[in-house]
Each structure stands twice: as C-alpha cells, then as structure tokens.
Amino acid sequence: MNVKQTSYGYFLTNDTDLVPHSIGEGGFWDNHLKPIYDKYVRSSDNTIDVGAHWGFHSIYLSSISNKTYSFEPQKFVYYMLCGNIALNDRQNI
C-alpha cells in the first residue's frame with residue numbers, strides 16, 4: 001500500500017491494481033466517463049457510485065456535485081475507499 005498524489009487527489013493504492021498506473025501519470029480512470037460527468041453533472045446534483053472500488057470516481061464526482069453516495073461491497077476495498085475519502089477531506093461522500 002502507498003499513497004499516490006494525482007491531478008484528482010490523493011489515493012491509497014495497491015501497486016498490483018491497474019488503476020494506480022493510469023491515474024499516476026495524470027490520467028483519469030475510465031477516461032471516456034469524464035466528458036459525460038463534466039457535461040451532465042451539476043453542482044446541485046447528488047451522484048451515486050455503485051461498486052466504488054477505492055473511490056477514484058467518488059472523489060471526482062464529489063468535487064463537481066452536491067453529494068456523492070458510494071457503495072463498495074468488498075471489505076478491504078471499502079476500507080481503502082474510506083481512507084481515500086479521509087485523505088481528500090471529502091465531507092460530501
């Protein structure tokens with residue numbers, strides 16, 4: 001486990017995961033979604049991230065929306081999600 005600083009926040013990551021390699025180089029995980037988020041999500045909206053993994057999209061959505069509801073069923077990954085919410089001081093997730 002380590003903490004990776006990215007353009008979109010700080011993230012507890014596991015080096016065996018594909019996501020840290022993408023976002024560590026300034027990328028956006030599932031980059032085809034960013035234009036959709038930016039076009040349709042308004043600051044007054046509430047958003048939902050189901051299967052949030054360790055929270056990359058939750059952190060981003062919480063920066064452009066009113067409130068984000070995140071759900072992650074895997075216990076260990078859920079703890080990483082909670083850590084990433086805390087690392088980024090997100091009060092609206």
# chains A, B, ... in the order shown; residues from 1 in each chain; ligands from 1
>>> select_by_dssp(residues="chain A", states="helix (DSSP H, G or I)", output="PyMOL selection string")
chain A and resi 18-24+34-40+56-64+75-87
>>> residues_around(residues="A:Tyr37", least_positions_apart="2", cutoff="12 Å", atoms="only C-alpha atoms", output="CSV table (one decimal) with all heavy atoms, in the first residue's frame")
chain,number,residue,atom,x,y,z
A,28,PHE,N,-7.2,9.8,-16.1
A,28,PHE,CA,-8.5,9.7,-15.5
A,28,PHE,C,-9.0,8.3,-15.7
A,28,PHE,O,-9.0,7.8,-16.8
A,28,PHE,CB,-9.5,10.7,-16.2
A,28,PHE,CG,-10.8,10.8,-15.4
A,28,PHE,CD1,-10.9,11.8,-14.5
A,28,PHE,CD2,-11.9,10.0,-15.7
A,28,PHE,CE1,-12.1,12.0,-13.8
A,28,PHE,CE2,-13.1,10.2,-15.0
A,28,PHE,CZ,-13.2,11.1,-14.1
A,30,ASP,N,-11.1,5.3,-16.5
A,30,ASP,CA,-12.3,5.2,-17.4
A,30,ASP,C,-12.5,6.6,-18.0
A,30,ASP,O,-13.5,7.2,-17.9
A,30,ASP,CB,-13.5,4.8,-16.6
A,30,ASP,CG,-13.6,3.4,-16.2
A,30,ASP,OD1,-12.9,2.6,-16.9
A,30,ASP,OD2,-14.3,3.0,-15.3
A,31,ASN,N,-11.5,7.1,-18.7
A,31,ASN,CA,-11.4,8.4,-19.3
A,31,ASN,C,-12.6,8.8,-20.2
A,31,ASN,O,-12.9,9.9,-20.4
A,31,ASN,CB,-10.1,8.8,-19.9
A,31,ASN,CG,-9.8,7.9,-21.1
A,31,ASN,OD1,-10.6,7.0,-21.4
A,31,ASN,ND2,-8.7,8.1,-21.7
A,32,HIS,N,-13.3,7.8,-20.7
A,32,HIS,CA,-14.5,8.1,-21.5
A,32,HIS,C,-15.6,8.6,-20.7
A,32,HIS,O,-16.6,9.2,-21.2
A,32,HIS,CB,-14.9,6.8,-22.3
A,32,HIS,CG,-15.4,5.7,-21.4
A,32,HIS,ND1,-14.5,4.9,-20.7
A,32,HIS,CD2,-16.6,5.3,-21.0
A,32,HIS,CE1,-15.2,4.0,-19.9
A,32,HIS,NE2,-16.5,4.2,-20.1
A,33,LEU,N,-15.6,8.5,-19.4
A,33,LEU,CA,-16.7,9.0,-18.5
A,33,LEU,C,-16.5,10.4,-18.1
A,33,LEU,O,-17.5,11.1,-17.9
A,33,LEU,CB,-16.7,8.1,-17.2
A,33,LEU,CG,-17.2,6.7,-17.4
A,33,LEU,CD1,-17.1,5.9,-16.1
A,33,LEU,CD2,-18.6,6.6,-18.0
A,34,LYS,N,-15.3,10.9,-18.1
A,34,LYS,CA,-15.1,12.3,-17.7
A,34,LYS,C,-15.9,13.3,-18.5
A,34,LYS,O,-16.5,14.2,-17.9
A,34,LYS,CB,-13.6,12.7,-17.6
A,34,LYS,CG,-13.3,14.0,-17.0
A,34,LYS,CD,-11.9,14.3,-16.9
A,34,LYS,CE,-11.6,15.6,-16.2
A,34,LYS,NZ,-12.3,16.8,-16.6
A,35,PRO,N,-15.9,13.3,-19.8
A,35,PRO,CA,-16.7,14.2,-20.6
A,35,PRO,C,-18.2,14.2,-20.2
A,35,PRO,O,-18.9,15.2,-20.2
A,35,PRO,CB,-16.4,13.9,-22.0
A,35,PRO,CG,-15.2,13.0,-22.0
A,35,PRO,CD,-15.1,12.4,-20.7
A,39,LYS,N,-20.2,17.2,-18.5
A,39,LYS,CA,-21.4,17.8,-19.3
A,39,LYS,C,-22.7,17.7,-18.5
A,39,LYS,O,-23.5,18.7,-18.6
A,39,LYS,CB,-21.5,17.0,-20.6
A,39,LYS,CG,-22.6,17.6,-21.5
A,39,LYS,CD,-22.7,16.9,-22.8
A,39,LYS,CE,-23.8,17.5,-23.7
A,39,LYS,NZ,-23.8,16.9,-25.0
A,40,TYR,N,-22.9,16.6,-17.8
A,40,TYR,CA,-24.3,16.4,-17.2
A,40,TYR,C,-24.4,16.6,-15.7
A,40,TYR,O,-25.5,16.8,-15.2
A,40,TYR,CB,-24.8,15.0,-17.6
A,40,TYR,CG,-25.0,14.8,-19.1
A,40,TYR,CD1,-24.2,14.1,-19.8
A,40,TYR,CD2,-26.1,15.5,-19.7
A,40,TYR,CE1,-24.4,14.0,-21.2
A,40,TYR,CE2,-26.3,15.4,-21.0
A,40,TYR,CZ,-25.4,14.6,-21.8
A,40,TYR,OH,-25.6,14.5,-23.1
A,41,VAL,N,-23.3,16.5,-15.0
A,41,VAL,CA,-23.4,16.6,-13.5
A,41,VAL,C,-23.2,18.1,-13.1
A,41,VAL,O,-22.3,18.8,-13.5
A,41,VAL,CB,-22.3,15.8,-12.8
A,41,VAL,CG1,-22.3,16.0,-11.3
A,41,VAL,CG2,-22.4,14.3,-13.1
A,42,ARG,N,-24.2,18.5,-12.4
A,42,ARG,CA,-24.2,19.9,-11.9
A,42,ARG,C,-23.9,20.0,-10.4
A,42,ARG,O,-24.1,19.0,-9.7
A,42,ARG,CB,-25.6,20.5,-12.2
A,42,ARG,CG,-25.9,20.7,-13.6
A,42,ARG,CD,-27.3,21.3,-13.9
A,42,ARG,NE,-27.5,21.6,-15.3
A,42,ARG,CZ,-27.9,20.6,-16.1
A,42,ARG,NH1,-28.2,19.4,-15.7
A,42,ARG,NH2,-28.2,20.9,-17.4
A,43,SER,N,-23.5,21.2,-10.0
A,43,SER,CA,-23.1,21.3,-8.6
A,43,SER,C,-24.2,21.0,-7.6
A,43,SER,O,-24.0,20.7,-6.4
A,43,SER,CB,-22.5,22.7,-8.3
A,43,SER,OG,-23.4,23.7,-8.6
A,45,ASP,N,-26.4,18.6,-8.0
A,45,ASP,CA,-26.8,17.2,-8.2
A,45,ASP,C,-26.3,16.3,-7.0
A,45,ASP,O,-25.2,16.6,-6.5
A,45,ASP,CB,-26.3,16.6,-9.5
A,45,ASP,CG,-27.1,17.2,-10.7
A,45,ASP,OD1,-28.1,17.8,-10.5
A,45,ASP,OD2,-26.5,17.0,-11.8
A,47,THR,N,-25.0,12.4,-6.6
A,47,THR,CA,-24.5,11.3,-7.5
A,47,THR,C,-24.3,10.0,-6.7
A,47,THR,O,-24.2,10.1,-5.5
A,47,THR,CB,-23.1,11.7,-8.2
A,47,THR,OG1,-22.2,12.1,-7.1
A,47,THR,CG2,-23.3,12.9,-9.1
A,48,ILE,N,-24.3,8.9,-7.5
A,48,ILE,CA,-24.1,7.6,-6.8
A,48,ILE,C,-23.0,6.9,-7.6
A,48,ILE,O,-22.9,6.8,-8.8
A,48,ILE,CB,-25.4,6.8,-7.0
A,48,ILE,CG1,-26.6,7.5,-6.3
A,48,ILE,CG2,-25.2,5.4,-6.4
A,48,ILE,CD1,-27.9,6.9,-6.6
A,57,HIS,N,-13.7,7.6,-8.8
A,57,HIS,CA,-14.9,8.4,-9.3
A,57,HIS,C,-15.6,9.1,-8.2
A,57,HIS,O,-16.1,10.2,-8.5
A,57,HIS,CB,-15.8,7.4,-10.1
A,57,HIS,CG,-15.1,7.0,-11.4
A,57,HIS,ND1,-15.1,7.8,-12.6
A,57,HIS,CD2,-14.5,5.9,-11.8
A,57,HIS,CE1,-14.5,7.2,-13.5
A,57,HIS,NE2,-14.1,6.0,-13.1
A,58,SER,N,-15.7,8.5,-7.1
A,58,SER,CA,-16.4,9.1,-5.9
A,58,SER,C,-15.7,10.4,-5.6
A,58,SER,O,-16.4,11.4,-5.4
A,58,SER,CB,-16.4,8.2,-4.7
A,58,SER,OG,-17.1,7.0,-4.9
A,60,TYR,N,-13.8,12.3,-7.6
A,60,TYR,CA,-14.1,13.3,-8.6
A,60,TYR,C,-15.5,13.8,-8.6
A,60,TYR,O,-15.7,15.0,-8.7
A,60,TYR,CB,-13.7,12.7,-10.0
A,60,TYR,CG,-13.9,13.7,-11.1
A,60,TYR,CD1,-13.0,14.7,-11.2
A,60,TYR,CD2,-15.0,13.7,-12.0
A,60,TYR,CE1,-13.1,15.7,-12.2
A,60,TYR,CE2,-15.1,14.7,-12.9
A,60,TYR,CZ,-14.2,15.7,-13.0
A,60,TYR,OH,-14.3,16.7,-14.0
A,61,LEU,N,-16.5,12.9,-8.5
A,61,LEU,CA,-17.9,13.3,-8.5
A,61,LEU,C,-18.2,14.2,-7.3
A,61,LEU,O,-18.9,15.2,-7.5
A,61,LEU,CB,-18.8,12.1,-8.5
A,61,LEU,CG,-18.8,11.3,-9.8
A,61,LEU,CD1,-19.6,9.9,-9.6
A,61,LEU,CD2,-19.5,12.1,-10.9
A,62,SER,N,-17.5,14.0,-6.2
A,62,SER,CA,-17.8,14.8,-5.0
A,62,SER,C,-17.2,16.2,-5.2
A,62,SER,O,-17.7,17.2,-4.6
A,62,SER,CB,-17.2,14.2,-3.8
A,62,SER,OG,-15.8,14.3,-3.8
A,63,SER,N,-16.3,16.4,-6.2
A,63,SER,CA,-15.7,17.7,-6.4
A,63,SER,C,-16.6,18.5,-7.4
A,63,SER,O,-16.5,19.7,-7.5
A,63,SER,CB,-14.3,17.6,-7.0
A,63,SER,OG,-14.3,17.1,-8.3
A,64,ILE,N,-17.5,17.8,-8.1
A,64,ILE,CA,-18.4,18.6,-9.0
A,64,ILE,C,-19.9,18.5,-8.7
A,64,ILE,O,-20.7,19.0,-9.4
A,64,ILE,CB,-18.1,18.1,-10.5
A,64,ILE,CG1,-18.5,16.6,-10.7
A,64,ILE,CG2,-16.7,18.4,-10.9
A,64,ILE,CD1,-18.5,16.2,-12.1
A,65,SER,N,-20.2,17.8,-7.6
A,65,SER,CA,-21.6,17.6,-7.3
A,65,SER,C,-21.9,18.0,-5.8
A,65,SER,O,-20.9,18.2,-5.1
A,65,SER,CB,-22.1,16.2,-7.6
A,65,SER,OG,-21.5,15.3,-6.7
>>> atom_distance(atom1="atom CA of A:Ser7", atom2="atom CA of A:Phe76")
24.7 Å
>>> residues_around(residues="A:Leu81", least_positions_apart="6", cutoff="9 Å", atoms="only C-alpha atoms", output="list in words")
Phe11, Leu12, Ala52, His53, Trp54, Gly55, Phe56, Ser58, Ser70 and Glu72 of chain A
>>> write_last_selection(atoms="C-alpha atoms", output="PDB file, in the first residue's frame")
ATOM      1  CA  PHE A  11      -5.228   7.890  -3.209  1.00  0.00           C
ATOM      2  CA  LEU A  12      -4.267   4.886  -1.128  1.00  0.00           C
ATOM      3  CA  ALA A  52     -16.931   2.406  -5.959  1.00  0.00           C
ATOM      4  CA  HIS A  53     -13.749   0.355  -5.628  1.00  0.00           C
ATOM      5  CA  TRP A  54     -11.325   2.595  -3.780  1.00  0.00           C
ATOM      6  CA  GLY A  55     -13.079   5.776  -4.802  1.00  0.00           C
ATOM      7  CA  PHE A  56     -11.481   7.449  -7.797  1.00  0.00           C
ATOM      8  CA  SER A  58     -16.369   9.115  -5.933  1.00  0.00           C
ATOM      9  CA  SER A  70     -20.584   5.500  -2.657  1.00  0.00           C
ATOM     10  CA  GLU A  72     -18.352  -0.864  -2.143  1.00  0.00           C
TER      11      GLU A  72
END
>>> atom_distance(atom1="atom CA of A:Asn84", atom2="atom CA of A:Tyr69")
14.2 Å
